[in-house]
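*Asks:* Structure file query02.tsv (TSV, C-alpha atoms and all ligand atoms) right here:
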```tsv
chain	number	residue	atom	x	y	z
A	1	MET	CA	76.63	81.67	103.21
A	2	GLU	CA	73.69	83.77	104.32
A	3	LYS	CA	73.99	86.92	102.26
A	4	ASP	CA	70.73	88.58	103.17
A	5	ARG	CA	70.92	88.37	106.93
A	6	LYS	CA	68.63	91.02	108.42
A	7	VAL	CA	70.25	93.76	110.42
A	8	SER	CA	69.07	96.95	112.05
A	9	ASN	CA	70.67	100.07	113.47
A	10	GLY	CA	68.87	99.35	116.73
A	11	GLN	CA	66.69	102.47	116.34
A	12	GLY	CA	63.68	100.83	114.76
A	13	ARG	CA	65.01	100.75	111.17
A	14	LYS	CA	64.39	97.05	110.85
A	15	GLY	CA	64.32	94.79	107.85
A	16	ILE	CA	67.45	95.97	106.03
A	17	SER	CA	69.33	93.14	104.37
A	18	ARG	CA	73.07	92.76	104.95
A	19	ARG	CA	73.67	93.59	101.29
A	20	GLY	CA	71.36	96.58	101.56
A	21	PHE	CA	73.12	97.77	104.71
A	22	ILE	CA	76.50	97.64	103.01
A	23	GLN	CA	75.12	99.55	100.04
A	24	LEU	CA	73.55	102.08	102.40
A	25	VAL	CA	76.62	102.91	104.45
A	26	GLY	CA	79.20	101.99	101.84
A	27	ALA	CA	81.62	99.10	102.12
A	28	GLY	CA	84.38	101.52	103.15
A	29	ALA	CA	82.36	102.81	106.07
A	30	LEU	CA	81.65	99.28	107.26
A	31	ALA	CA	85.33	98.40	107.02
A	32	THR	CA	86.17	101.53	109.01
A	33	THR	CA	83.85	100.31	111.76
A	34	VAL	CA	85.92	97.18	112.01
A	35	VAL	CA	89.46	98.33	111.36
A	36	GLY	CA	89.07	101.81	112.93
A	37	ASP	CA	92.25	103.86	113.21
A	38	LEU	CA	94.29	100.83	112.17
A	39	GLY	CA	93.20	101.65	108.63
A	40	LYS	CA	95.21	104.90	108.63
A	41	PRO	CA	98.33	105.18	106.44
A	42	LEU	CA	101.53	103.93	108.02
A	43	PRO	CA	103.71	106.46	109.85
A	44	ALA	CA	106.39	107.87	107.55
A	45	ALA	CA	109.21	105.85	109.14
A	46	ALA	CA	107.36	102.56	108.74
A	47	ALA	CA	106.36	103.41	105.16
A	48	GLU	CA	110.01	104.11	104.32
A	49	VAL	CA	111.09	100.76	105.74
A	50	ALA	CA	108.26	99.03	103.89
A	51	GLU	CA	109.49	100.43	100.58
A	52	LYS	CA	112.97	99.01	101.14
A	53	GLY	CA	111.53	95.60	102.07
A	54	GLU	CA	113.96	95.21	104.98
A	55	MET	CA	113.39	92.99	108.01
A	56	VAL	CA	112.61	95.08	111.07
A	57	HIS	CA	112.18	94.40	114.76
A	58	VAL	CA	108.71	94.55	116.20
A	59	SER	CA	107.53	94.10	119.77
A	60	LEU	CA	104.00	92.77	120.28
A	61	GLN	CA	101.93	92.27	123.40
A	62	VAL	CA	99.77	89.22	122.78
A	63	ASN	CA	97.49	87.68	125.42
A	64	GLY	CA	99.39	89.54	128.13
A	65	ARG	CA	102.87	88.43	127.05
A	66	ARG	CA	105.44	90.48	125.16
A	67	HIS	CA	107.22	89.03	122.13
A	68	ARG	CA	109.94	90.43	119.88
A	69	PHE	CA	110.43	89.33	116.28
A	70	LYS	CA	112.07	90.27	113.07
A	71	VAL	CA	109.38	90.72	110.46
A	72	GLU	CA	108.95	91.94	106.94
A	73	PRO	CA	106.92	95.13	107.14
A	74	ARG	CA	104.41	93.74	104.63
A	75	TRP	CA	103.41	90.89	106.95
A	76	SER	CA	99.94	91.03	108.42
A	77	LEU	CA	99.22	90.59	112.11
A	78	LEU	CA	97.45	87.35	111.16
A	79	ASP	CA	100.64	86.01	109.51
A	80	VAL	CA	102.65	86.69	112.65
A	81	LEU	CA	100.08	85.32	115.12
A	82	ARG	CA	99.72	82.07	113.21
A	83	GLU	CA	103.20	81.52	111.75
A	84	LYS	CA	105.49	83.03	114.41
A	85	LEU	CA	103.49	82.49	117.60
A	86	GLY	CA	101.57	79.35	116.65
A	87	LEU	CA	98.28	80.95	117.68
A	88	THR	CA	96.03	79.26	115.16
A	89	GLY	CA	92.73	80.34	116.70
A	90	PRO	CA	92.50	83.31	114.33
A	91	LYS	CA	91.71	81.80	110.93
A	92	LEU	CA	92.57	82.84	107.39
A	93	GLY	CA	89.31	82.94	105.47
A	94	CYS	CA	89.02	85.55	102.74
A	95	GLY	CA	92.21	87.44	103.61
A	96	ARG	CA	90.60	90.72	102.57
A	97	GLY	CA	88.31	91.93	105.33
A	98	GLU	CA	85.08	90.28	104.29
A	99	CYS	CA	84.49	87.21	106.48
A	100	GLY	CA	85.76	87.99	109.99
A	101	ALA	CA	87.39	84.58	110.53
A	102	CYS	CA	90.61	86.36	111.58
A	103	THR	CA	88.98	88.63	114.19
A	104	VAL	CA	91.08	89.45	117.26
A	105	LEU	CA	90.80	92.21	119.85
A	106	ILE	CA	93.22	95.12	119.57
A	107	ASP	CA	93.02	97.38	122.61
A	108	GLY	CA	89.75	95.61	123.41
A	109	ARG	CA	88.03	96.22	120.05
A	110	PRO	CA	87.38	93.61	117.35
A	111	ARG	CA	89.71	93.99	114.37
A	112	TYR	CA	90.44	92.00	111.25
A	113	ALA	CA	93.98	90.64	111.74
A	114	CYS	CA	94.28	89.93	107.99
A	115	LEU	CA	93.92	93.65	107.24
A	116	THR	CA	96.21	94.83	110.03
A	117	LEU	CA	99.90	95.17	109.26
A	118	VAL	CA	101.98	93.80	112.11
A	119	LEU	CA	103.72	97.18	112.39
A	120	GLU	CA	100.36	98.85	113.02
A	121	ALA	CA	99.73	96.54	115.99
A	122	GLU	CA	102.96	97.41	117.81
A	123	GLY	CA	102.32	99.01	121.21
A	124	LYS	CA	98.73	97.76	121.37
A	125	ALA	CA	97.23	94.98	123.48
A	126	ILE	CA	96.29	92.06	121.23
A	127	THR	CA	93.95	89.32	122.41
A	128	THR	CA	93.29	86.13	120.47
A	129	ILE	CA	90.76	83.47	121.37
A	130	GLU	CA	93.54	81.59	123.17
A	131	GLY	CA	93.78	84.56	125.54
A	132	LEU	CA	90.16	84.21	126.70
A	133	LEU	CA	90.85	80.95	128.54
A	134	LYS	CA	91.66	81.06	132.24
A	135	GLY	CA	93.71	77.89	132.59
A	136	ASP	CA	91.37	75.20	131.30
A	137	GLU	CA	88.27	77.24	132.06
A	138	LEU	CA	86.21	78.60	129.18
A	139	SER	CA	85.27	82.27	129.17
A	140	PRO	CA	81.54	83.11	129.37
A	141	VAL	CA	81.36	83.70	125.62
A	142	GLN	CA	83.15	80.43	124.83
A	143	LYS	CA	80.88	78.56	127.24
A	144	ALA	CA	77.74	80.11	125.73
A	145	PHE	CA	78.83	79.09	122.20
A	146	TRP	CA	79.35	75.54	123.45
A	147	ASP	CA	76.04	75.44	125.35
A	148	ASN	CA	74.07	76.74	122.35
A	149	ASP	CA	75.73	74.51	119.77
A	150	ALA	CA	76.65	77.70	117.91
A	151	MET	CA	78.89	76.04	115.35
A	152	GLN	CA	78.87	73.43	112.63
A	153	CYS	CA	82.26	73.19	110.88
A	154	GLY	CA	83.65	75.65	113.44
A	155	TYR	CA	85.88	77.55	111.03
A	156	CYS	CA	84.25	80.91	111.71
A	157	THR	CA	83.80	80.26	115.44
A	158	PRO	CA	86.97	81.84	116.90
A	159	GLY	CA	86.26	85.03	114.96
A	160	GLN	CA	82.60	84.99	116.00
A	161	ILE	CA	83.58	84.58	119.65
A	162	MET	CA	86.07	87.44	119.50
A	163	ALA	CA	83.50	89.69	117.81
A	164	ALA	CA	81.00	88.80	120.56
A	165	GLU	CA	83.60	89.44	123.26
A	166	GLY	CA	84.34	92.87	121.79
A	167	LEU	CA	80.65	93.69	121.50
A	168	LEU	CA	79.88	92.71	125.10
A	169	ARG	CA	82.81	94.71	126.46
A	170	VAL	CA	81.25	97.92	125.16
A	171	ASN	CA	77.59	96.87	125.43
A	172	PRO	CA	77.08	94.37	128.27
A	173	ASN	CA	73.32	94.13	127.74
A	174	PRO	CA	72.65	94.30	123.99
A	175	SER	CA	69.23	93.90	122.39
A	176	ILE	CA	68.84	91.18	119.77
A	177	GLU	CA	69.03	93.85	117.06
A	178	GLU	CA	72.27	95.19	118.55
A	179	ILE	CA	73.65	91.65	118.62
A	180	ARG	CA	72.73	91.12	114.96
A	181	LEU	CA	74.33	94.42	113.98
A	182	GLY	CA	77.39	93.90	116.20
A	183	MET	CA	78.01	90.47	114.70
A	184	SER	CA	77.35	91.53	111.10
A	185	GLY	CA	81.07	91.73	110.27
A	186	ASN	CA	81.43	87.97	110.78
A	187	LEU	CA	80.06	85.54	108.24
A	188	CYS	CA	79.17	81.89	108.81
A	189	ARG	CA	79.00	79.80	105.67
A	190	CYS	CA	77.26	77.03	107.64
A	191	GLY	CA	74.45	79.44	108.48
A	192	SER	CA	74.55	78.98	112.26
A	193	TYR	CA	73.36	82.52	112.88
A	194	ALA	CA	70.31	81.68	115.01
A	195	HIS	CA	72.46	79.68	117.41
A	196	ILE	CA	75.23	82.30	117.38
A	197	PHE	CA	72.81	85.09	118.32
A	198	LYS	CA	71.32	82.95	121.12
A	199	ALA	CA	74.85	82.26	122.37
A	200	VAL	CA	75.67	85.96	122.48
A	201	GLU	CA	72.46	86.62	124.45
A	202	GLN	CA	73.39	83.91	126.94
A	203	ALA	CA	76.98	85.14	127.15
A	204	ALA	CA	75.72	88.60	128.09
A	205	LYS	CA	73.74	87.07	130.96
A	206	LEU	CA	76.69	84.90	132.06
A	207	ARG	CA	79.05	87.87	132.07
A	208	ARG	CA	76.66	89.83	134.29
A	209	THR	CA	76.66	87.06	136.91
A	210	ILE	CA	80.45	86.88	137.37
B	1	LIG	S1	90.31	86.41	106.82
B	1	LIG	FE1	90.24	88.39	107.65
B	1	LIG	S2	88.25	89.13	107.21
B	1	LIG	FE2	88.34	87.16	106.19
B	2	LIG	S1	81.49	78.61	108.89
B	2	LIG	FE1	81.01	76.63	109.67
B	2	LIG	S2	80.24	77.06	111.67
B	2	LIG	FE2	80.45	79.04	110.74
```
As structure tokens, what does this structure read like?
Ligand code: FES
Ligand code: FES
*Replies:*
Amino acid sequence: MEKDRKVSNGQGRKGISRRGFIQLVGAGALATTVVGDLGKPLPAAAAEVAEKGEMVHVSLQVNGRRHRFKVEPRWSLLDVLREKLGLTGPKLGCGRGECGACTVLIDGRPRYACLTLVLEAEGKAITTIEGLLKGDELSPVQKAFWDNDAMQCGYCTPGQIMAAEGLLRVNPNPSIEEIRLGMSGNLCRCGSYAHIFKAVEQAAKLRRTI
């Protein structure tokens, strides 16, 4: 795993290692970037249910379809996506917000599904990598990862693609430094970073042509 991947804030402060960046901004601040308001404490009602450990109903909108389940309030969104819906694109890597293998979009922004309680995701639009396909047609980001051979074992790839999708939705024309920073929440133990960054550059171009 490449621990000292160089990142920059895109304003000329180049040459900071990933470890140095985390020390600089604090691990909590980096996690906040990724989990955003989903990191807030549960609403009082949900917290009360969680204490009792009861099964509760939850309604989720995933890849444009609505689903209702009974869940234990302690279950993560990743548990439900994989075990209840059979959406195995999001992967369980570290299970604690460090690797990004579980990345999905929640209301269009990349989030760690392993750190998101399923109750927190209710009422939000969830997109997994399965939701990027149009029929059998790959999305621009998926196609760019394929074209650039941006994977080896492939375990991190769904999370990388969802992080790239989220980045390009807010920044359709990122610089290479912005790509490196935007993708810094997703680790690749095979070290395919050079190919991943090239893929994101190509995906940005592809998205601008459609
Ligand atoms: S499995 Fe979620 S961040 Fe690693
Ligand atoms: S972890 Fe193997 S391709 Fe990224």
*Asks:* Please identify the residues whose atoms come within 9 Å of ligand LIG 1 (chain B), using only C-alpha atoms and all ligand atoms, and report them as an NGL selection string.
*Replies:* :A and (78 or 90-103 or 111-115 or 159 or 185-187)
*Asks:* CA of Glu165 (chain A) and CA of Val200 (chain A) are how many Å apart?
*Replies:*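 For CA of Glu165 (chain A) relative to CA of Val200 (chain A), the distance reads 8.7 Å.
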*Asks:* Using all atoms listed in the file, find each residue of chain A with at least one atom at most 12 Å away from an atom of ligand LIG 2 (chain B); report its shortest atom-to-atom pair and that distance in Å (one decimal), sort the rows by chain and rising residue number, and return the result as a tab-separated table.
*Replies:*
```
residue	atom	partner	partner_atom	distance
A:Met1	CA	B:LIG2	S1	8.1
A:Glu2	CA	B:LIG2	S1	10.4
A:Lys91	CA	B:LIG2	S1	10.9
A:Leu92	CA	B:LIG2	S1	12.0
A:Gly93	CA	B:LIG2	S1	9.6
A:Cys94	CA	B:LIG2	S1	11.9
A:Cys99	CA	B:LIG2	S1	9.4
A:Gly100	CA	B:LIG2	S1	10.4
A:Ala101	CA	B:LIG2	S1	8.6
A:Phe145	CA	B:LIG2	S2	10.8
A:Trp146	CA	B:LIG2	S2	11.9
A:Asp149	CA	B:LIG2	S2	9.6
A:Ala150	CA	B:LIG2	S2	7.2
A:Met151	CA	B:LIG2	S2	4.1
A:Gln152	CA	B:LIG2	S2	4.0
A:Cys153	CA	B:LIG2	FE1	3.9
A:Gly154	CA	B:LIG2	S2	4.1
A:Tyr155	CA	B:LIG2	S1	5.0
A:Cys156	CA	B:LIG2	FE2	4.3
A:Thr157	CA	B:LIG2	FE2	5.9
A:Pro158	CA	B:LIG2	FE2	9.4
A:Gly159	CA	B:LIG2	FE2	9.4
A:Gln160	CA	B:LIG2	FE2	8.2
A:Ile161	CA	B:LIG2	FE2	10.9
A:Asn186	CA	B:LIG2	FE2	9.0
A:Leu187	CA	B:LIG2	FE2	7.0
A:Cys188	CA	B:LIG2	FE2	3.7
A:Arg189	CA	B:LIG2	S1	4.2
A:Cys190	CA	B:LIG2	FE1	4.3
A:Gly191	CA	B:LIG2	FE2	6.4
A:Ser192	CA	B:LIG2	S2	6.0
A:Tyr193	CA	B:LIG2	FE2	8.2
A:Ala194	CA	B:LIG2	FE2	11.3
A:His195	CA	B:LIG2	S2	10.0
A:Ile196	CA	B:LIG2	FE2	9.1
```
*Asks:* Neighbours of Val118 (chain A) within 7 Å (only C-alpha atoms; same-chain residues fewer than 6 positions away dropped), as a PyMOL selection string?
*Replies:* chain A and resi 75-77
*Asks:* Applying 10 Å and all atoms listed in the file, which residues near Asn171 (chain A) remain after dropping the ones on its own chain fewer than 6 positions away? List them as a list in words.
*Replies:* Glu165, Glu178, Ile179, Gly182 and Ala204 of chain A
*Asks:* Work out how far CA of Gly89 (chain A) is from CA of Leu119 (chain A), in Å to one decimal.
*Replies:*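 Rounded to one decimal, the two atoms are 20.6 Å apart.
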*Asks:* Determine, counting only C-alpha atoms, which protein, DNA and RNA residues have an atom within 8 Å of an atom of Val56 (chain A); residues of the same chain fewer than 4 positions away are not included. Present the result as a list of chain:residue names.
*Replies:*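 These residues fall inside the cut-off: A:Val49, A:Lys70, A:Val71, A:Glu72, A:Pro73.
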*Asks:* Between A:Thr128, A:Lys205, A:Leu85, A:Asp147, which one has atoms that come closest to Pro174 (chain A), using all atoms listed in the file?
*Replies:*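 Between A:Thr128, A:Lys205, A:Leu85, A:Asp147, the residue approaching Pro174 (chain A) most closely is A:Lys205.
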*Asks:* When you draw a straight line from CA of Leu133 (chain A) to CA of Asn148 (chain A), how long is it in Å?
*Replies:*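 Going from CA of Leu133 (chain A) over to CA of Asn148 (chain A), I get 18.4 Å.
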*Asks:* Would you compute an axis-aligned box for region 78-85 of chain A, covering every atom listed for it in the file with 4 Å of margin on each side, and report centre and edge lengths in Å to one decimal as JSON?
*Replies:*
```
{"center_x": 101.5, "center_y": 84.4, "center_z": 113.6, "size_x": 16.0, "size_y": 13.8, "size_z": 16.1}
```
*Asks:* Write out as an MDAnalysis selection string which residues come within 9 Å of Arg208 (chain A) when counting only C-alpha atoms, dropping same-chain ones fewer than 5 positions away.
*Replies:* chainID A and resid 172:173 203
*Asks:* Taking into account all atoms listed in the file, which residue in the set A:Ala121, A:Ser139, A:Ala144, A:Pro110 is nearest to Met183 (chain A)?
*Replies:*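 Comparing A:Ala121, A:Ser139, A:Ala144, A:Pro110 against Met183 (chain A), the winner is A:Pro110.
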*Asks:* Given all atoms listed in the file as the basis, pick out the residue of A:Glu137, A:His67, A:Glu54, A:Ala163 nearest to Val104 (chain A).
*Replies:*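 Ranked by minimum distance to Val104 (chain A), first place goes to A:Ala163.
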*Asks:* Using only C-alpha atoms, which of the listed residues (A:Ile176, A:Met55, A:Leu206, A:Thr116) sits closest to Asp79 (chain A)?
*Replies:*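 Under the stated criterion, the closest residue is A:Thr116.
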*Asks:* For Leu105 (chain A), which residue out of A:Leu168, A:Ile126, A:Leu81, A:Leu60 is the nearest one, using all atoms listed in the file?
*Replies:*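 Nearest to Leu105 (chain A): A:Ile126.
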*Asks:* Smallest atom-to-atom distance to Arg68 (chain A): which of A:Arg82, A:Gly123, A:Pro140, A:Met162, using only C-alpha atoms?
*Replies:*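 Of the candidates, the smallest distance to Arg68 (chain A) is held by A:Gly123.
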*Asks:* Starting from the sparse input, extend region 185-203 of chain A to N, CA, C and O atoms and give the output as a compact mmCIF listing (two decimals), in the coordinates of the input.
*Replies:*
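The resulting part05.txt:
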```txt
# COMPACT_ATOMS: atom_id res chain seq x y z
N GLY A 185 79.79 91.79 110.97
CA GLY A 185 81.07 91.73 110.27
C GLY A 185 81.66 90.33 110.22
O GLY A 185 82.78 90.16 109.75
N ASN A 186 80.92 89.36 110.73
CA ASN A 186 81.43 87.97 110.78
C ASN A 186 80.45 87.05 110.08
O ASN A 186 79.30 86.93 110.50
N LEU A 187 80.92 86.41 109.04
CA LEU A 187 80.06 85.54 108.24
C LEU A 187 80.23 84.08 108.68
O LEU A 187 81.29 83.68 109.14
N CYS A 188 79.13 83.32 108.52
CA CYS A 188 79.17 81.89 108.81
C CYS A 188 78.61 81.15 107.60
O CYS A 188 77.42 81.24 107.32
N ARG A 189 79.48 80.45 106.90
CA ARG A 189 79.00 79.80 105.67
C ARG A 189 78.12 78.60 105.99
O ARG A 189 77.41 78.10 105.12
N CYS A 190 78.17 78.12 107.23
CA CYS A 190 77.26 77.03 107.64
C CYS A 190 75.89 77.56 108.04
O CYS A 190 74.98 76.77 108.30
N GLY A 191 75.76 78.86 108.16
CA GLY A 191 74.45 79.44 108.48
C GLY A 191 73.99 79.20 109.90
O GLY A 191 72.80 79.01 110.15
N SER A 192 74.90 79.24 110.85
CA SER A 192 74.55 78.98 112.26
C SER A 192 74.09 80.24 112.99
O SER A 192 74.19 80.31 114.22
N TYR A 193 73.61 81.21 112.26
CA TYR A 193 73.36 82.52 112.88
C TYR A 193 72.39 82.47 114.05
O TYR A 193 72.60 83.13 115.07
N ALA A 194 71.30 81.70 113.92
CA ALA A 194 70.31 81.68 115.01
C ALA A 194 70.96 81.22 116.30
O ALA A 194 70.73 81.80 117.38
N HIS A 195 71.80 80.19 116.21
CA HIS A 195 72.46 79.68 117.41
C HIS A 195 73.52 80.67 117.92
O HIS A 195 73.71 80.83 119.13
N ILE A 196 74.20 81.32 116.98
CA ILE A 196 75.23 82.30 117.38
C ILE A 196 74.58 83.45 118.15
O ILE A 196 75.06 83.86 119.21
N PHE A 197 73.45 83.95 117.64
CA PHE A 197 72.81 85.09 118.32
C PHE A 197 72.30 84.67 119.71
O PHE A 197 72.39 85.43 120.67
N LYS A 198 71.76 83.43 119.80
CA LYS A 198 71.32 82.95 121.12
C LYS A 198 72.51 82.84 122.06
O LYS A 198 72.42 83.15 123.26
N ALA A 199 73.64 82.38 121.54
CA ALA A 199 74.85 82.26 122.37
C ALA A 199 75.29 83.62 122.89
O ALA A 199 75.69 83.75 124.05
N VAL A 200 75.23 84.63 122.03
CA VAL A 200 75.67 85.96 122.48
C VAL A 200 74.72 86.48 123.57
O VAL A 200 75.15 87.09 124.56
N GLU A 201 73.41 86.21 123.40
CA GLU A 201 72.46 86.62 124.45
C GLU A 201 72.80 85.93 125.77
O GLU A 201 72.80 86.57 126.83
N GLN A 202 73.08 84.63 125.70
CA GLN A 202 73.39 83.91 126.94
C GLN A 202 74.71 84.39 127.52
O GLN A 202 74.86 84.53 128.75
N ALA A 203 75.68 84.67 126.67
CA ALA A 203 76.98 85.14 127.15
C ALA A 203 76.83 86.46 127.90
O ALA A 203 77.49 86.69 128.92
```
